[in-house]
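Peer 1: Got run-v4.txt for you, compact mmCIF, C-alpha atoms:
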```txt
# COMPACT_ATOMS: atom_id res chain seq x y z
CA MET F 1 0.00 0.00 0.00
CA PRO F 2 1.79 3.14 -1.14
CA GLY F 3 1.88 5.97 1.30
CA SER F 4 0.92 9.52 0.65
CA CYS F 5 1.94 12.68 2.40
CA GLU F 6 1.77 16.38 1.79
CA THR F 7 2.98 19.64 3.20
CA ASP F 8 2.72 23.32 2.50
CA VAL F 9 5.84 25.24 1.57
CA VAL F 10 6.31 28.98 1.59
CA LEU F 11 8.51 29.75 -1.38
CA GLY F 12 11.69 31.61 -0.59
CA ALA F 13 12.10 32.53 -4.24
CA HIS F 14 9.98 32.54 -7.37
CA LEU F 15 9.33 29.08 -8.80
CA HIS F 16 11.19 30.07 -11.94
CA ALA F 17 13.33 28.04 -14.28
CA ARG F 18 16.27 27.11 -12.09
CA PRO F 19 14.35 26.00 -8.97
CA ALA F 20 11.83 24.18 -11.16
CA GLY F 21 14.72 22.35 -12.80
CA GLN F 22 16.00 21.37 -9.36
CA VAL F 23 12.56 20.06 -8.42
CA VAL F 24 12.41 17.86 -11.52
CA ARG F 25 15.88 16.50 -10.92
CA ALA F 26 15.15 15.85 -7.24
CA ALA F 27 11.85 14.10 -8.00
CA ALA F 28 13.57 11.78 -10.46
CA ARG F 29 15.55 10.19 -7.63
CA PHE F 30 12.38 8.67 -6.17
CA SER F 31 9.75 6.27 -7.37
CA SER F 32 6.91 8.23 -5.79
CA ASP F 33 4.77 10.58 -7.81
CA VAL F 34 5.12 14.15 -6.64
CA GLU F 35 2.70 16.95 -7.44
CA ILE F 36 2.83 20.62 -6.61
CA SER F 37 -0.39 22.59 -6.32
CA PHE F 38 -0.81 26.33 -6.40
CA GLY F 39 -3.71 28.61 -7.18
CA GLY F 40 -6.09 25.77 -7.95
CA ARG F 41 -3.74 24.11 -10.39
CA THR F 42 -1.58 21.05 -9.95
CA ALA F 43 1.63 20.20 -11.81
CA SER F 44 3.70 17.04 -11.83
CA ALA F 45 7.19 17.42 -10.44
CA ARG F 46 8.39 15.53 -13.50
CA GLY F 47 7.64 18.36 -15.92
CA ILE F 48 9.41 21.70 -15.73
CA LEU F 49 7.00 23.51 -18.03
CA GLY F 50 4.00 22.64 -15.89
CA LEU F 51 5.82 23.82 -12.78
CA LEU F 52 6.71 27.12 -14.44
CA ALA F 53 3.11 27.56 -15.54
CA LEU F 54 1.95 27.50 -11.93
CA GLY F 55 3.31 31.02 -11.69
CA ALA F 56 4.13 30.71 -8.00
CA THR F 57 6.26 33.52 -6.64
CA ALA F 58 8.32 34.23 -3.56
CA GLY F 59 6.34 34.34 -0.35
CA GLN F 60 3.45 32.33 -1.74
CA THR F 61 2.48 28.94 -0.41
CA VAL F 62 2.45 25.84 -2.57
CA THR F 63 1.28 22.37 -1.56
CA VAL F 64 3.57 19.44 -2.24
CA ARG F 65 2.06 15.96 -2.28
CA ALA F 66 4.02 12.73 -2.69
CA THR F 67 2.43 9.34 -3.30
CA GLY F 68 4.36 6.09 -3.38
CA ASP F 69 6.65 3.77 -1.49
CA ASP F 70 9.24 6.45 -0.75
CA ALA F 71 6.79 9.33 -0.33
CA PRO F 72 8.30 10.84 2.86
CA GLU F 73 11.80 10.93 1.36
CA ALA F 74 10.54 12.33 -1.92
CA LEU F 75 8.54 14.99 -0.13
CA ALA F 76 11.57 16.04 1.93
CA ALA F 77 13.77 16.25 -1.16
CA ILE F 78 11.27 18.41 -3.03
CA VAL F 79 10.80 20.72 -0.07
CA THR F 80 14.58 21.12 0.09
CA ALA F 81 14.76 21.89 -3.62
CA LEU F 82 11.96 24.45 -3.30
CA THR F 83 13.42 26.21 -0.30
CA THR F 84 17.14 26.21 -1.04
CA THR F 85 17.46 26.90 -4.77
CA PRO F 86 18.06 30.60 -5.37
CA MET B 1 29.16 10.24 -15.11
CA THR B 2 26.76 8.02 -17.00
CA SER B 3 25.52 9.40 -20.25
CA THR B 4 22.23 11.10 -20.88
CA VAL B 5 20.08 11.56 -23.91
CA SER B 6 21.81 14.28 -25.90
CA ILE B 7 20.28 17.45 -27.31
CA VAL B 8 21.17 19.00 -30.67
CA LEU B 9 19.90 22.54 -31.21
CA VAL B 10 19.61 23.80 -34.79
CA SER B 11 18.92 27.45 -35.57
CA HIS B 12 19.50 30.16 -38.15
CA SER B 13 21.47 32.05 -35.56
CA ALA B 14 24.64 31.07 -33.73
CA LEU B 15 23.74 33.57 -31.03
CA LEU B 16 20.31 32.04 -30.58
CA VAL B 17 21.58 28.50 -30.07
CA ALA B 18 24.35 29.75 -27.79
CA GLY B 19 21.80 31.57 -25.67
CA VAL B 20 19.44 28.62 -25.47
CA ARG B 21 22.34 26.34 -24.59
CA GLU B 22 23.35 28.73 -21.80
CA LEU B 23 19.80 28.61 -20.45
CA LEU B 24 19.69 24.81 -20.60
CA ARG B 25 23.02 24.59 -18.78
CA GLN B 26 21.74 26.87 -16.05
CA VAL B 27 18.55 24.89 -15.51
CA ALA B 28 19.50 21.33 -16.41
CA GLY B 29 23.11 21.32 -15.24
CA GLU B 30 26.44 20.40 -16.75
CA HIS B 31 25.95 16.74 -17.51
CA VAL B 32 23.51 16.84 -20.38
CA GLY B 33 25.13 16.70 -23.79
CA ILE B 34 24.12 19.80 -25.75
CA ASN B 35 25.47 20.33 -29.26
CA THR B 36 24.56 23.27 -31.43
CA ALA B 37 24.44 24.14 -35.11
CA GLY B 38 23.65 27.83 -35.54
CA GLY B 39 24.06 30.00 -38.61
CA THR B 40 26.06 29.27 -41.71
CA GLU B 41 29.65 28.13 -42.19
CA ASP B 42 30.71 31.72 -42.90
CA GLY B 43 29.11 33.06 -39.72
CA GLY B 44 25.94 34.47 -41.26
CA LEU B 45 22.31 33.81 -40.57
CA GLY B 46 21.01 30.60 -42.05
CA THR B 47 21.66 26.92 -41.71
CA GLY B 48 24.65 24.92 -42.87
CA TYR B 49 24.21 21.28 -43.83
CA ASP B 50 27.70 20.31 -42.69
CA LEU B 51 27.35 22.15 -39.37
CA VAL B 52 24.13 20.32 -38.65
CA ARG B 53 25.56 16.97 -39.69
CA THR B 54 28.65 17.48 -37.53
CA ALA B 55 26.59 18.52 -34.51
CA ILE B 56 24.52 15.36 -34.82
CA ASP B 57 27.52 13.12 -35.50
CA ASP B 58 29.40 14.52 -32.50
CA ALA B 59 26.50 14.00 -30.08
CA ASP B 60 26.79 11.14 -27.60
CA ASP B 61 24.20 8.70 -28.90
CA ALA B 62 24.53 6.00 -26.25
CA LEU B 63 21.03 6.71 -24.95
CA GLY B 64 19.81 8.60 -27.98
CA VAL B 65 19.73 12.09 -29.45
CA VAL B 66 16.92 14.58 -29.90
CA VAL B 67 17.40 17.16 -32.66
CA ILE B 68 15.44 20.35 -32.09
CA PRO B 69 15.26 22.88 -34.95
CA ASP B 70 13.87 26.39 -34.61
CA LEU B 71 11.99 26.96 -37.86
CA GLY B 72 12.09 27.04 -41.65
CA SER B 73 15.35 25.92 -43.17
CA SER B 74 16.61 24.64 -39.81
CA VAL B 75 13.87 22.05 -39.99
CA LEU B 76 14.51 21.29 -43.66
CA THR B 77 18.28 21.01 -43.20
CA ALA B 78 18.02 18.78 -40.14
CA LYS B 79 15.50 16.61 -41.95
CA ALA B 80 17.77 16.40 -45.01
CA VAL B 81 20.76 15.35 -42.91
CA LEU B 82 18.77 12.60 -41.23
CA ASP B 83 17.10 11.50 -44.48
CA ASP B 84 20.47 11.26 -46.25
CA GLU B 85 21.98 9.17 -43.47
CA PRO B 86 19.39 7.63 -41.15
CA ARG B 87 20.67 7.07 -37.63
CA GLU B 88 19.34 4.85 -34.91
CA LYS B 89 18.09 6.54 -31.77
CA VAL B 90 18.18 10.02 -33.32
CA VAL B 91 14.80 11.78 -33.31
CA LEU B 92 13.95 15.05 -35.08
CA LEU B 93 11.45 16.85 -32.86
CA ASP B 94 8.60 19.12 -33.89
CA VAL B 95 8.34 21.18 -30.70
CA PRO B 96 8.52 24.83 -29.56
CA PHE B 97 12.23 25.62 -29.66
CA VAL B 98 12.97 27.06 -26.23
CA GLU B 99 10.29 25.27 -24.24
CA GLY B 100 10.84 21.94 -25.92
CA ALA B 101 14.61 22.13 -25.50
CA LEU B 102 14.27 23.08 -21.84
CA ALA B 103 11.81 20.30 -21.05
CA ALA B 104 14.00 17.80 -22.91
CA ALA B 105 17.23 18.89 -21.22
CA VAL B 106 15.84 18.89 -17.69
CA ILE B 107 14.35 15.41 -17.98
CA ALA B 108 17.45 14.15 -19.80
CA ALA B 109 19.52 15.35 -16.84
CA THR B 110 17.67 12.85 -14.66
CA GLY B 111 18.94 9.99 -16.80
CA ALA B 112 15.59 9.46 -18.51
CA ASP B 113 15.43 7.31 -21.65
CA LEU B 114 14.85 8.59 -25.18
CA ASP B 115 11.09 7.98 -25.21
CA THR B 116 10.67 9.89 -21.94
CA VAL B 117 12.72 12.83 -23.22
CA VAL B 118 10.75 12.94 -26.47
CA ALA B 119 7.46 12.89 -24.56
CA ALA B 120 8.60 15.67 -22.21
CA ALA B 121 9.62 17.87 -25.12
CA ARG B 122 6.26 17.32 -26.86
CA GLU B 123 4.44 18.37 -23.70
CA ALA B 124 5.72 21.84 -24.53
CA TRP B 125 2.81 22.12 -26.97
CA ASP B 126 0.39 22.01 -24.03
CA ALA B 127 2.25 24.12 -21.47
CA ARG B 128 0.56 27.49 -21.15
CA LYS B 129 2.63 30.43 -19.94
CA LEU B 130 -0.19 32.26 -18.20
```
Represent the supplied structure as structure tokens.
Peer 2:
Amino acid sequence: MPGSCETDVVLGAHLHARPAGQVVRAAARFSSDVEISFGGRTASARGILGLLALGATAGQTVTVRATGDDAPEALAAIVTALTTTP
Amino acid sequence: MTSTVSIVLVSHSALLVAGVRELLRQVAGEHVGINTAGGTEDGGLGTGYDLVRTAIDDADDALGVVVIPDLGSSVLTAKAVLDDEPREKVVLLDVPFVEGALAAAVIAATGADLDTVVAAAREAWDARKL
């Protein structure tokens, strides 16, 4: 039974190209599916263009949800990518 | 470092491919193979058959190569090169130039296979900016 977990993250910087690239590369290390939701839209962490299209900017809160066998680890890695990439 | 699917950018402009490559490097990192063919052999605007062929031939094709042209003769030249000498695991992509290249490079950086990279690039058709 795959687990699922989610958390809210306040963005330290705009979710622009470089952080979005880091998110995709971090998500690829895990088997879990990771989605990021913002403003009523949800994007897969496997696609940079969808993440960019969320239009999330610094100070705004996004919701990260991971589903799968390594969901907690995947979630932690994505949160790190979202909060530490300038 | 294990190899990744490689990207070949083809444009009328050497400056344009250099700029897109710089962007891909920034976002996708240093490990994705990115070759470029921009402008003509004499440095002008246009596309050069031999430049395109060399860029494709020099790409690491262990996992495959996606060739992304900007428009017009870039497409025709890339198609001619691949028609004249078909290569295994080399795919000419009909995708938005910047968005498709970015999506391809980022997913390639994760070690994704050729089919996954091709699919990611084609998703650029559906990605709205606003």
Peer 1: List the neighbours of Arg25 (chain F) out to 9 Å using only C-alpha atoms; skip same-chain residues closer than 6 positions along the sequence, and give me the result as a PDB file with C-alpha atoms, in the coordinates of the input.
Peer 2:
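Result file follows (selection-v4.pdb):
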```pdb
ATOM      1  CA  ALA F  45       7.190  17.420 -10.440  1.00  0.00           C
ATOM      2  CA  ARG F  46       8.390  15.530 -13.500  1.00  0.00           C
TER       3      ARG F  46
ATOM      4  CA  ALA B  28      19.500  21.330 -16.410  1.00  0.00           C
ATOM      5  CA  VAL B 106      15.840  18.890 -17.690  1.00  0.00           C
ATOM      6  CA  ILE B 107      14.350  15.410 -17.980  1.00  0.00           C
ATOM      7  CA  ALA B 109      19.520  15.350 -16.840  1.00  0.00           C
ATOM      8  CA  THR B 110      17.670  12.850 -14.660  1.00  0.00           C
TER       9      THR B 110
END
```
Peer 1: One number please: CA of Trp125 (chain B) to CA of Pro96 (chain B), in Å, one decimal.
Peer 2: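 Distance reported for this atom pair: 6.8 Å.
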Peer 1: Measure the distance from CA of Pro86 (chain F) to CA of Leu54 (chain F) in Å and round it to one decimal.
Peer 2: 17.7 Å
Peer 1: Assuming 8 Å of padding per side, give the centre and edge lengths of the axis-aligned box around every listed atom of region 40-49 of chain B, in Å to one decimal and as lines of an AutoDock Vina configuration file.
Peer 2:
```
center_x = 25.9
center_y = 27.9
center_z = -41.8
size_x = 25.7
size_y = 29.2
size_z = 20.1
```
Peer 1: Near Arg29 (chain F), counting all atoms listed in the file, which residues have an atom at most 10 Å away, once you skip same-chain residues fewer than 4 positions from it, shown as a VMD selection string?
Peer 2: (chain F and resid 24 to 25 73 to 74 77) or (chain B and resid 110 to 111)
Peer 1: Keeping only C-alpha atoms, take the residues you just selected and write them out as a PDB file, in the frame of the given file.
Peer 2:
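Generated output (selection.pdb):
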```pdb
ATOM      1  CA  VAL F  24      12.410  17.860 -11.520  1.00  0.00           C
ATOM      2  CA  ARG F  25      15.880  16.500 -10.920  1.00  0.00           C
ATOM      3  CA  GLU F  73      11.800  10.930   1.360  1.00  0.00           C
ATOM      4  CA  ALA F  74      10.540  12.330  -1.920  1.00  0.00           C
ATOM      5  CA  ALA F  77      13.770  16.250  -1.160  1.00  0.00           C
TER       6      ALA F  77
ATOM      7  CA  THR B 110      17.670  12.850 -14.660  1.00  0.00           C
ATOM      8  CA  GLY B 111      18.940   9.990 -16.800  1.00  0.00           C
TER       9      GLY B 111
END
```
Peer 1: Taking (18.3, 21.4, -6.0) in the coordinates of the supplied file, I want to know which residues reach to within 8 Å of it, counting only C-alpha atoms; could you give the answer as a list in words?
Peer 2: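 Residues satisfying the cut-off, written out: Pro19, Gly21, Gln22, Val23, Arg25, Ala26, Thr80, Ala81, Leu82, Thr84 and Thr85 of chain F.
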Peer 1: For chain B, work out the contacting residues on chain F at 7 Å, counting all atoms listed in the file, and write them as a list in words.
Peer 2: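 Output check: Ala17, Arg18, Gly21, Arg25, Ala28, Gly47, Ile48, Leu49, Gly50 and Ala53 of chain F.
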Peer 1: Can you list, as a list in words, every protein, DNA or RNA residue that comes within 12 Å of Gly39 (chain F) when you count only C-alpha atoms, leaving out same-chain residues fewer than 4 positions away?
Peer 2: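 The filter keeps Ala43, Ala53, Leu54, Gly55, Ala56, Thr57, Gln60, Thr61, Val62 and Thr63 of chain F.
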Peer 1: Just to confirm, what's the straight-line distance from CA of Gly40 (chain F) to CA of Cys5 (chain F) in Å (one decimal)?
Peer 2: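 So the two atoms, CA of Gly40 (chain F) and CA of Cys5 (chain F), lie 18.5 Å apart.
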Peer 1: Could you give me, as JSON, numbers by chain, the residues that sit within 8 Å of (6.2, 36.9, -1.9) in the file's coordinates, counting all atoms listed in the file?
Peer 2: {"F": [11, 12, 13, 14, 57, 58, 59, 60]}
Peer 1: Between B:Leu45, B:Leu82, B:Val117, B:Ile68, which is the closest to Val95 (chain B) once you count all atoms listed in the file?
Peer 2: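 Counting all atoms listed in the file, the residue closest to Val95 (chain B) is B:Ile68.
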Peer 1: Restricting the calculation to all atoms listed in the file: of B:Ala14, B:Asp50, B:Leu63, B:Glu22, which residue gets closest to Thr36 (chain B)?
Peer 2: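 Counting all atoms listed in the file, the residue closest to Thr36 (chain B) is B:Ala14.
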